[in-house]
$ cat final_0.cif   # mmCIF, C-alpha atoms
data_work
loop_
_atom_site.label_atom_id
_atom_site.label_comp_id
_atom_site.auth_asym_id
_atom_site.auth_seq_id
_atom_site.Cartn_x
_atom_site.Cartn_y
_atom_site.Cartn_z
CA MET A 686 32.17 -17.62 -114.35
CA GLY A 687 31.59 -14.51 -112.18
CA THR A 688 32.87 -13.76 -108.74
CA THR A 689 30.71 -14.64 -105.79
CA VAL A 690 29.36 -12.11 -103.31
CA SER A 691 31.76 -13.48 -100.71
CA GLU A 692 34.77 -13.02 -103.02
CA ARG A 693 33.74 -9.41 -103.80
CA GLN A 694 33.28 -8.65 -100.09
CA HIS A 695 36.69 -10.13 -99.29
CA ARG A 696 38.32 -8.08 -102.08
CA ASP A 697 36.51 -4.91 -100.91
CA ALA A 698 37.56 -5.55 -97.30
CA ARG A 699 41.20 -6.02 -98.39
CA ASP A 700 41.07 -2.79 -100.40
CA THR A 701 39.49 -0.84 -97.52
CA ARG A 702 42.09 -2.18 -95.09
CA ARG A 703 44.90 -1.20 -97.48
CA ARG A 704 43.47 2.31 -97.90
CA LEU A 705 43.19 2.72 -94.13
CA LEU A 706 46.82 1.63 -93.67
CA GLU A 707 48.02 4.03 -96.36
CA ALA A 708 46.00 6.94 -94.95
CA ALA A 709 47.21 6.21 -91.43
CA ALA A 710 50.84 5.96 -92.58
CA ALA A 711 50.62 9.35 -94.27
CA LEU A 712 48.86 11.08 -91.36
CA PHE A 713 51.07 9.55 -88.66
CA ALA A 714 54.15 10.70 -90.62
CA GLU A 715 52.70 14.19 -91.08
CA ARG A 716 51.23 14.75 -87.61
CA GLY A 717 52.44 12.05 -85.24
CA TYR A 718 50.30 9.59 -83.33
CA GLU A 719 48.47 12.00 -81.02
CA ARG A 720 47.42 14.54 -83.66
CA ALA A 721 46.33 12.02 -86.33
CA THR A 722 42.69 11.36 -85.45
CA VAL A 723 40.70 8.25 -86.28
CA ARG A 724 38.19 10.47 -88.08
CA ASP A 725 40.92 12.05 -90.25
CA ILE A 726 42.39 8.66 -91.09
CA ALA A 727 38.99 7.25 -92.07
CA ASP A 728 38.14 10.37 -94.10
CA ARG A 729 41.42 10.25 -96.01
CA ALA A 730 40.85 6.55 -96.74
CA GLY A 731 37.28 7.19 -97.86
CA ALA A 732 36.04 4.77 -95.21
CA ASN A 733 33.86 4.72 -92.12
CA GLN A 734 35.55 5.00 -88.69
CA ALA A 735 33.76 1.82 -87.64
CA LEU A 736 35.69 -0.08 -90.32
CA LEU A 737 38.97 1.14 -88.86
CA PHE A 738 38.04 -0.40 -85.51
CA ARG A 739 36.70 -3.52 -87.20
CA TYR A 740 39.94 -4.20 -89.11
CA PHE A 741 42.47 -2.98 -86.53
CA GLY A 742 40.75 -2.92 -83.14
CA SER A 743 42.24 0.40 -81.99
CA LYS A 744 44.20 3.40 -83.15
CA SER A 745 47.30 2.16 -81.32
CA ALA A 746 47.05 -1.26 -82.99
CA LEU A 747 46.77 0.50 -86.35
CA PHE A 748 49.85 2.56 -85.49
CA GLY A 749 51.79 -0.58 -84.58
CA GLU A 750 50.88 -2.16 -87.90
CA VAL A 751 51.85 0.98 -89.83
CA ILE A 752 55.25 1.15 -88.12
CA ALA A 753 55.88 -2.56 -88.65
CA ARG A 754 54.69 -2.55 -92.26
CA ASN A 755 56.67 0.52 -93.34
CA GLY A 756 59.82 -0.50 -91.49
CA GLU A 757 59.64 -4.11 -92.64
CA GLU A 758 59.13 -2.97 -96.23
CA GLN A 759 62.25 -0.83 -96.11
CA LEU A 760 64.25 -3.54 -94.34
CA ARG A 761 63.07 -6.20 -96.81
CA THR A 762 63.67 -4.20 -99.99
CA THR A 763 66.89 -2.36 -99.13
CA PRO A 764 70.31 -4.03 -99.16
CA PRO A 765 71.99 -3.62 -95.74
CA HIS A 766 74.78 -1.38 -97.07
CA GLU A 767 72.13 1.00 -98.52
CA LEU A 768 69.76 1.01 -95.51
CA LEU A 769 71.27 3.94 -93.65
CA GLU A 770 71.16 6.22 -96.70
CA ALA A 771 67.66 5.04 -97.67
CA ALA A 772 66.35 5.71 -94.16
CA LEU A 773 68.13 9.07 -94.06
CA ARG A 774 66.66 10.06 -97.43
CA GLY A 775 63.22 9.12 -96.10
CA LEU A 776 63.75 11.62 -93.29
CA LEU A 777 65.22 14.29 -95.55
CA GLY A 778 62.70 14.00 -98.36
CA PRO A 779 59.52 16.05 -98.67
CA GLY A 780 57.33 14.53 -95.97
CA GLY A 781 58.69 11.01 -96.41
CA LYS A 782 56.39 10.22 -99.34
CA GLU A 783 57.69 6.70 -99.96
CA PRO A 784 56.08 4.17 -97.60
CA GLY A 785 59.39 2.64 -96.51
CA GLY A 786 60.92 6.06 -95.98
CA ARG A 787 58.06 7.12 -93.70
CA ALA A 788 58.89 4.60 -91.00
CA LEU A 789 61.47 6.68 -89.16
CA ALA A 790 59.59 9.96 -89.66
CA THR A 791 56.50 8.34 -88.16
CA LEU A 792 58.59 6.97 -85.32
CA LEU A 793 60.07 10.41 -84.59
CA ARG A 794 56.70 12.16 -84.53
CA SER A 795 55.18 9.55 -82.21
CA VAL A 796 57.95 8.37 -79.90
CA ASP A 797 56.46 9.61 -76.62
CA SER A 798 52.85 8.55 -77.23
CA GLY A 799 52.53 5.80 -74.62
CA ASP A 800 53.64 2.29 -73.68
CA GLU A 801 52.05 0.45 -76.59
CA ILE A 802 53.54 2.92 -79.05
CA GLY A 803 56.91 2.73 -77.30
CA THR A 804 56.87 -1.03 -77.79
CA ALA A 805 56.33 -0.64 -81.54
CA VAL A 806 59.07 2.00 -81.70
CA ARG A 807 61.56 -0.20 -79.82
CA ALA A 808 60.78 -3.20 -82.04
CA ILE A 809 61.40 -1.37 -85.31
CA SER A 810 64.48 0.37 -83.86
CA ASP A 811 65.85 -3.05 -82.88
CA ASP A 812 65.26 -4.33 -86.42
CA TYR A 813 67.10 -1.38 -87.98
CA ALA A 814 69.95 -1.67 -85.47
CA ARG A 815 70.31 -5.39 -86.18
CA VAL A 816 70.78 -4.74 -89.90
CA LEU A 817 73.16 -1.83 -89.29
CA ALA A 818 75.19 -3.99 -86.87
CA SER A 819 75.81 -6.42 -89.73
CA LEU A 820 77.78 -3.64 -91.45
CA SER A 821 80.54 -3.62 -88.85
CA SER A 822 83.17 -6.25 -88.22
CA ALA A 823 84.16 -4.67 -84.88
CA ASP A 824 83.58 -6.49 -81.58
CA ASN A 825 81.26 -3.70 -80.44
CA HIS A 826 79.19 -3.76 -83.67
CA GLU A 827 75.87 -3.56 -81.77
CA LEU A 828 76.95 -0.36 -79.99
CA ARG A 829 78.17 1.08 -83.28
CA ALA A 830 74.80 0.31 -84.88
CA ASP A 831 72.92 1.98 -82.02
CA LEU A 832 75.15 5.06 -82.31
CA ALA A 833 74.55 5.25 -86.07
CA LEU A 834 70.78 4.86 -85.61
CA SER A 835 70.78 7.46 -82.82
CA TRP A 836 72.59 9.94 -85.02
CA LEU A 837 70.19 9.26 -87.88
CA LEU A 838 67.17 9.85 -85.62
CA GLY A 839 68.80 12.97 -84.18
CA ILE A 840 69.28 14.36 -87.68
CA GLY A 841 65.66 13.57 -88.45
CA MET A 842 64.49 15.21 -85.25
CA MET A 843 66.44 18.40 -85.91
CA ARG A 844 65.25 18.60 -89.53
CA VAL A 845 61.70 17.25 -89.32
CA LEU A 846 60.51 18.26 -85.85
CA VAL A 847 62.66 21.22 -84.83
CA GLY A 848 63.24 22.71 -88.28
CA LYS A 849 66.79 23.74 -87.33
CA GLU A 850 68.52 25.76 -90.03
CA PRO A 851 70.62 25.22 -92.06
CA LEU A 852 69.82 21.51 -91.74
CA ALA A 853 66.08 21.96 -92.36
CA ASP A 854 66.68 23.32 -95.87
CA ALA A 855 69.95 21.53 -96.65
CA ASP A 856 70.23 19.58 -99.88
CA PRO A 857 69.50 15.86 -99.14
CA ASP A 858 72.40 14.77 -101.37
CA GLU A 859 74.86 16.93 -99.43
CA VAL A 860 73.54 15.72 -96.07
CA CYS A 861 73.68 12.07 -97.16
CA ALA A 862 77.24 12.45 -98.45
CA LEU A 863 78.44 14.04 -95.20
CA VAL A 864 76.61 11.59 -92.93
CA THR A 865 77.61 8.40 -94.77
CA ALA A 866 81.24 9.58 -94.95
CA ALA A 867 81.28 10.25 -91.21
CA LEU A 868 79.48 7.03 -90.34
CA GLY A 869 81.98 5.05 -92.39
CA THR A 870 84.21 5.16 -89.31
CA LEU A 871 81.52 3.34 -87.30
CA LEU A 872 80.15 0.99 -89.95
CA ASP A 873 82.90 -0.26 -92.23
CA GLY A 874 80.34 -1.98 -94.50
CA LEU A 875 78.91 1.32 -95.78
CA PRO A 876 79.63 2.19 -99.43
CA ALA A 877 82.76 4.24 -99.98
CA ALA A 878 82.62 7.60 -101.71
CA ASP A 879 82.73 5.79 -105.08
CA GLY A 880 79.52 3.92 -104.18
CA LYS A 881 81.13 0.50 -103.58
CA PRO A 882 80.74 -1.29 -100.21
#
$ encode --input "final_0.cif" --output "structure tokens"
Amino acid sequence: MGTTVSERQHRDARDTRRRLLEAAAALFAERGYERATVRDIADRAGANQALLFRYFGSKSALFGEVIARNGEEQLRTTPPHELLEAALRGLLGPGGKEPGGRALATLLRSVDSGDEIGTAVRAISDDYARVLASLSSADNHELRADLALSWLLGIGMMRVLVGKEPLADADPDEVCALVTAALGTLLDGLPAADGKP
């Protein structure tokens, strides 16, 4: 029994949508929202621009889905006590190649791109902060989580956007060790130096 035309079209549509999301995630992480054009996204995906609008409605809606998808993937697949280091490694790595690791790099490159984008940025930031807050038993655990996330984004900004030396070329393992050790005073649920929470 063969597949029907409708089944093939549905499978092709799903594949095209996936390719568009992956291309957009890569370009938003590399260039930010403003500099990643619809044409470039469609070209990288091997698709027509019209399909991008058909599946997502607008560039900003596509951006929102990329941010949500990448952030949710990292939040879903990373244990809370490993989230800070995983997100940090995504910022420190070469261009944030892993989809989950691209979420914060994309956020950094696009943070001032308008109200709709700001909404997506706030939503994913809130999700990360909520998980990080679960790592502290202190009464002010939400503030501690926001401080940890702010520091993480600041490190990413200085390395990814500003290119500040020596941070820009620092070894990711060394940066992660220093940051997680320092943040252990804010978030007591982070792994100790021996790797145990």
$ atom_distance --input "final_0.cif" --atom1 "atom CA of Arg696 of chain A" --atom2 "atom CA of Gly742 of chain A"
19.8 Å
$ atom_distance --input "final_0.cif" --atom1 "atom CA of Arg699 of chain A" --atom2 "atom CA of Gly756 of chain A"
20.6 Å
$ closest_residue --input "final_0.cif" --among "A:Val847, A:Leu747, A:Leu868, A:Val860" --to "Ser821 of chain A" --atoms "all atoms listed in the file"
A:Leu868
$ axis_aligned_box --input "final_0.cif" --around "segment 743-746 of chain A" --padding-each-side "8 Å" --output "AutoDock Vina command-line options"
--center_x 44.8 --center_y 1.1 --center_z -82.2 --size_x 21.1 --size_y 20.7 --size_z 17.8
$ residues_around --input "final_0.cif" --residues "Ala823 of chain A" --least-positions-apart "4" --cutoff "12 Å" --atoms "all atoms listed in the file" --output "number ranges by chain"
A: 818-819, 827-830, 870-874
$ atom_distance --input "final_0.cif" --atom1 "atom CA of Asp831 of chain A" --atom2 "atom CA of Ala855 of chain A"
24.6 Å
$ closest_residue --input "final_0.cif" --among "A:Ala862, A:Ala746, A:Ala721, A:Leu773" --to "Ala805 of chain A" --atoms "all atoms listed in the file"
A:Ala746
$ closest_residue --input "final_0.cif" --among "A:Val845, A:Gly778, A:Glu770, A:His826" --to "Thr865 of chain A" --atoms "only C-alpha atoms"
A:Glu770
$ resolve_selection --input "final_0.cif" --expression "the PyMOL selection byres ((chain A and resi 768) around 12)" --output "VMD selection string"
chain A and resid 756 to 767 769 to 775 785 to 786 789 812 to 820 830 833 to 834 837 861 865 872 874 to 876
$ resolve_selection --input "final_0.cif" --expression "the PyMOL selection byres ((chain A and resi 709) around 8)" --output "PDB file with C-alpha atoms, in the coordinates of the input"
ATOM      1  CA  LEU A 705      43.190   2.720 -94.130  1.00  0.00           C
ATOM      2  CA  LEU A 706      46.820   1.630 -93.670  1.00  0.00           C
ATOM      3  CA  GLU A 707      48.020   4.030 -96.360  1.00  0.00           C
ATOM      4  CA  ALA A 708      46.000   6.940 -94.950  1.00  0.00           C
ATOM      5  CA  ALA A 710      50.840   5.960 -92.580  1.00  0.00           C
ATOM      6  CA  ALA A 711      50.620   9.350 -94.270  1.00  0.00           C
ATOM      7  CA  LEU A 712      48.860  11.080 -91.360  1.00  0.00           C
ATOM      8  CA  PHE A 713      51.070   9.550 -88.660  1.00  0.00           C
ATOM      9  CA  ALA A 721      46.330  12.020 -86.330  1.00  0.00           C
ATOM     10  CA  ILE A 726      42.390   8.660 -91.090  1.00  0.00           C
ATOM     11  CA  LEU A 747      46.770   0.500 -86.350  1.00  0.00           C
ATOM     12  CA  PHE A 748      49.850   2.560 -85.490  1.00  0.00           C
ATOM     13  CA  VAL A 751      51.850   0.980 -89.830  1.00  0.00           C
TER      14      VAL A 751
END
$ resolve_selection --input "final_0.cif" --expression "the PyMOL selection byres ((chain A and resi 840) around 10)" --output "PDB file with C-alpha atoms, in the coordinates of the input"
ATOM      1  CA  LEU A 773      68.130   9.070 -94.060  1.00  0.00           C
ATOM      2  CA  LEU A 776      63.750  11.620 -93.290  1.00  0.00           C
ATOM      3  CA  LEU A 777      65.220  14.290 -95.550  1.00  0.00           C
ATOM      4  CA  LEU A 834      70.780   4.860 -85.610  1.00  0.00           C
ATOM      5  CA  SER A 835      70.780   7.460 -82.820  1.00  0.00           C
ATOM      6  CA  TRP A 836      72.590   9.940 -85.020  1.00  0.00           C
ATOM      7  CA  LEU A 837      70.190   9.260 -87.880  1.00  0.00           C
ATOM      8  CA  LEU A 838      67.170   9.850 -85.620  1.00  0.00           C
ATOM      9  CA  GLY A 839      68.800  12.970 -84.180  1.00  0.00           C
ATOM     10  CA  GLY A 841      65.660  13.570 -88.450  1.00  0.00           C
ATOM     11  CA  MET A 842      64.490  15.210 -85.250  1.00  0.00           C
ATOM     12  CA  MET A 843      66.440  18.400 -85.910  1.00  0.00           C
ATOM     13  CA  ARG A 844      65.250  18.600 -89.530  1.00  0.00           C
ATOM     14  CA  VAL A 845      61.700  17.250 -89.320  1.00  0.00           C
ATOM     15  CA  LEU A 846      60.510  18.260 -85.850  1.00  0.00           C
ATOM     16  CA  VAL A 847      62.660  21.220 -84.830  1.00  0.00           C
ATOM     17  CA  LYS A 849      66.790  23.740 -87.330  1.00  0.00           C
ATOM     18  CA  LEU A 852      69.820  21.510 -91.740  1.00  0.00           C
ATOM     19  CA  ALA A 853      66.080  21.960 -92.360  1.00  0.00           C
ATOM     20  CA  VAL A 860      73.540  15.720 -96.070  1.00  0.00           C
ATOM     21  CA  VAL A 864      76.610  11.590 -92.930  1.00  0.00           C
TER      22      VAL A 864
END
$ residues_near_point --input "final_0.cif" --point "(41.2, -3.7, -86.7)" --cutoff "12 Å" --atoms "all atoms listed in the file" --output "VMD selection string"
chain A and resid 698 to 699 701 to 703 705 to 706 723 734 to 750
